[in-house]
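Taking it in order: structure first as structure tokens, then the write-up.
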Amino acid sequence: IAKVKVSLPWYEVLLVGMLYVLGVIIAAYCYGTCFTYSYPPPRLMPSRAAQDTFTFNLFDGLRCDPDWRICCCSCFCMPIRWADTVGSDRIRMMTFWQALILFATLQALAGVTVIGSILLVALGVVARQRIRKSYMLPEATPHTMGWDILAWLCCMPCAIMQEALQIEFVDTDDASKEPLMPPKQDDSIALAPEVV
């Protein structure tokens with residue numbers, strides 16, 4: 001059996017990459033207009049936030065708890081979910097659109113060069129270390145760097161889910177590291193602040 005090697009000209013590869021990034025930008029606009037409503041409280045929330053690692057495990061996002069958005073977007077729209085995480089006010093690594101275009105471009109490059117793959121994993125690890133720093137977790141040690149690299153190399157969607165769960169449901173300002181329960185949605189208009 002003869003093997004056939006098909007090689008596209010560089011301009012076609014560039015065009016496909018640009019179309020991919022454009023498609024991701026359009027999908028991100030749809031995500032922003034349709035799927036950015038508040039999350040309900042998780043049904044299986046950890047009792048306390050972890051002191052030395054992420055509060056949620058690497059595979060907790062696969063439960064689709066509290067709803068499907070974090071899991072599905074992490075698996076099928078990685079640039080969008082990751083950009084939403086690093087663009088959050090808790091991390092402030094870059095804006096949503098900057099993160100989206102950077103991630104999508106590196107993801108397109110990863111399809112054609114090893115350098116793109118290395119840069120994509122490096123970007124994910126840097127962001128993950130930034131999340132650790134924001135939550136006062138151990139960071140920039142060989143141990144945390146090694147685990148973060150493994151998470152991004154072995155299961156990129158799982159790493160993105162874990163980071164999103166941390167950002168969405170664990171408060172950075174609480175000194176006791178208690179999980180942040182999202183406020184209950186109430187359609188009525190409050191005329192006066194609640195007295196506690």
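Order determines the names: the first chain of the structure tokens is A, the second B, and so forth; residues in each chain are numbered 1 upward, and ligands are numbered 1 upward as they are shown.
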
Open item on the list: Taking the DSSP secondary structure from the backbone, can you list the residues of stretch 43-125 of chain A that are alpha helix (DSSP H), as a PyMOL selection string?
Closed with: chain A and resi 69-76+78-86+96-110+114-125

Using C-alpha atoms, can you write the selected residues to a file as a PDB file, in the first residue's frame?
```pdb
ATOM      1  CA  ARG A  69     -21.776  25.428  30.146  1.00  0.00           C
ATOM      2  CA  ILE A  70     -18.361  24.996  31.791  1.00  0.00           C
ATOM      3  CA  CYS A  71     -17.996  21.369  30.670  1.00  0.00           C
ATOM      4  CA  CYS A  72     -19.222  21.812  27.099  1.00  0.00           C
ATOM      5  CA  CYS A  73     -17.416  25.067  26.458  1.00  0.00           C
ATOM      6  CA  SER A  74     -14.181  23.639  27.874  1.00  0.00           C
ATOM      7  CA  CYS A  75     -14.418  20.592  25.628  1.00  0.00           C
ATOM      8  CA  PHE A  76     -15.758  22.127  22.412  1.00  0.00           C
ATOM      9  CA  MET A  78     -11.600  25.878  24.563  1.00  0.00           C
ATOM     10  CA  PRO A  79     -10.494  29.344  23.431  1.00  0.00           C
ATOM     11  CA  ILE A  80     -13.781  30.884  24.568  1.00  0.00           C
ATOM     12  CA  ARG A  81     -13.933  29.230  28.001  1.00  0.00           C
ATOM     13  CA  TRP A  82     -10.235  29.897  28.663  1.00  0.00           C
ATOM     14  CA  ALA A  83     -10.550  33.546  27.615  1.00  0.00           C
ATOM     15  CA  ASP A  84     -13.566  33.945  29.892  1.00  0.00           C
ATOM     16  CA  THR A  85     -11.512  32.587  32.793  1.00  0.00           C
ATOM     17  CA  VAL A  86      -8.327  34.632  32.325  1.00  0.00           C
ATOM     18  CA  PHE A  96     -11.431  38.502  27.054  1.00  0.00           C
ATOM     19  CA  TRP A  97     -10.835  39.415  23.401  1.00  0.00           C
ATOM     20  CA  GLN A  98      -7.045  39.530  23.734  1.00  0.00           C
ATOM     21  CA  ALA A  99      -7.039  36.120  25.425  1.00  0.00           C
ATOM     22  CA  LEU A 100      -9.454  34.701  22.856  1.00  0.00           C
ATOM     23  CA  ILE A 101      -7.448  35.793  19.821  1.00  0.00           C
ATOM     24  CA  LEU A 102      -4.133  34.725  21.379  1.00  0.00           C
ATOM     25  CA  PHE A 103      -5.425  31.271  22.362  1.00  0.00           C
ATOM     26  CA  ALA A 104      -7.190  30.669  19.038  1.00  0.00           C
ATOM     27  CA  THR A 105      -4.109  31.745  17.083  1.00  0.00           C
ATOM     28  CA  LEU A 106      -1.831  29.475  19.111  1.00  0.00           C
ATOM     29  CA  GLN A 107      -4.334  26.634  18.746  1.00  0.00           C
ATOM     30  CA  ALA A 108      -4.323  27.099  14.970  1.00  0.00           C
ATOM     31  CA  LEU A 109      -0.500  27.186  14.972  1.00  0.00           C
ATOM     32  CA  ALA A 110      -0.405  24.062  17.133  1.00  0.00           C
ATOM     33  CA  VAL A 114       5.412  21.956  17.383  1.00  0.00           C
ATOM     34  CA  ILE A 115       6.324  25.498  18.443  1.00  0.00           C
ATOM     35  CA  GLY A 116       2.614  26.403  18.444  1.00  0.00           C
ATOM     36  CA  SER A 117       1.863  23.463  20.747  1.00  0.00           C
ATOM     37  CA  ILE A 118       4.677  24.388  23.127  1.00  0.00           C
ATOM     38  CA  LEU A 119       3.569  28.037  23.239  1.00  0.00           C
ATOM     39  CA  LEU A 120      -0.060  27.013  23.850  1.00  0.00           C
ATOM     40  CA  VAL A 121       0.882  24.809  26.809  1.00  0.00           C
ATOM     41  CA  ALA A 122       3.228  27.512  28.135  1.00  0.00           C
ATOM     42  CA  LEU A 123       0.424  30.086  27.951  1.00  0.00           C
ATOM     43  CA  GLY A 124      -1.919  27.753  29.820  1.00  0.00           C
ATOM     44  CA  VAL A 125       0.664  27.075  32.529  1.00  0.00           C
TER      45      VAL A 125
END
```

Would you give me, as CSV, each residue of stretch 20-88 of chain A having an atom within 8 Å of an atom of stretch 134-140 of chain A, along with its shortest atom pair and that distance in Å to one decimal, using only C-alpha atoms and sorting by chain and residue number?
```
residue,atom,partner,partner_atom,distance
A:Gln51,CA,A:Leu137,CA,6.5
A:Asp52,CA,A:Leu137,CA,5.3
A:Thr53,CA,A:Leu137,CA,6.1
A:Phe54,CA,A:Leu137,CA,7.9
```

If you keep N, CA, C and O atoms, can you produce a file of those selected residues as a CSV table (one decimal), in the first residue's frame?
```csv
chain,number,residue,atom,x,y,z
A,51,GLN,N,-6.4,24.9,50.7
A,51,GLN,CA,-5.4,25.9,51.1
A,51,GLN,C,-4.1,25.8,50.2
A,51,GLN,O,-3.4,26.7,50.2
A,52,ASP,N,-3.9,24.6,49.6
A,52,ASP,CA,-2.7,24.4,48.9
A,52,ASP,C,-2.8,24.0,47.4
A,52,ASP,O,-1.8,23.8,46.7
A,53,THR,N,-4.0,23.9,46.9
A,53,THR,CA,-4.3,23.5,45.5
A,53,THR,C,-5.6,24.0,45.1
A,53,THR,O,-6.4,24.6,45.9
A,54,PHE,N,-6.0,23.8,43.9
A,54,PHE,CA,-7.3,24.2,43.4
A,54,PHE,C,-8.4,23.5,44.3
A,54,PHE,O,-8.3,22.4,44.7
```

- [ ] Please measure the separation of atom CA of A:Ser38 and atom CA of A:Leu58, giving the value in Å to one decimal.
- [x] 22.3 Å

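Going from atom CA of A:Pro66 to atom CA of A:Ile26 covers 25.8 Å.
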
Task: Pick from A:Lys133, A:Arg128, A:Arg90, A:Arg43 nearest to A:Asp65, counting only C-alpha atoms - done: A:Arg43

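Proximity ranking of A:Met156, A:Met45, A:Met161, A:Leu14 relative to A:Val112 places A:Leu14 first, based on only C-alpha atoms.
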
Open item on the list: Restricting the calculation to only C-alpha atoms: of A:Met18, A:Cys64, A:Ala159, A:Ile91, which residue gets closest to A:Tyr39?
Closed with: A:Cys64
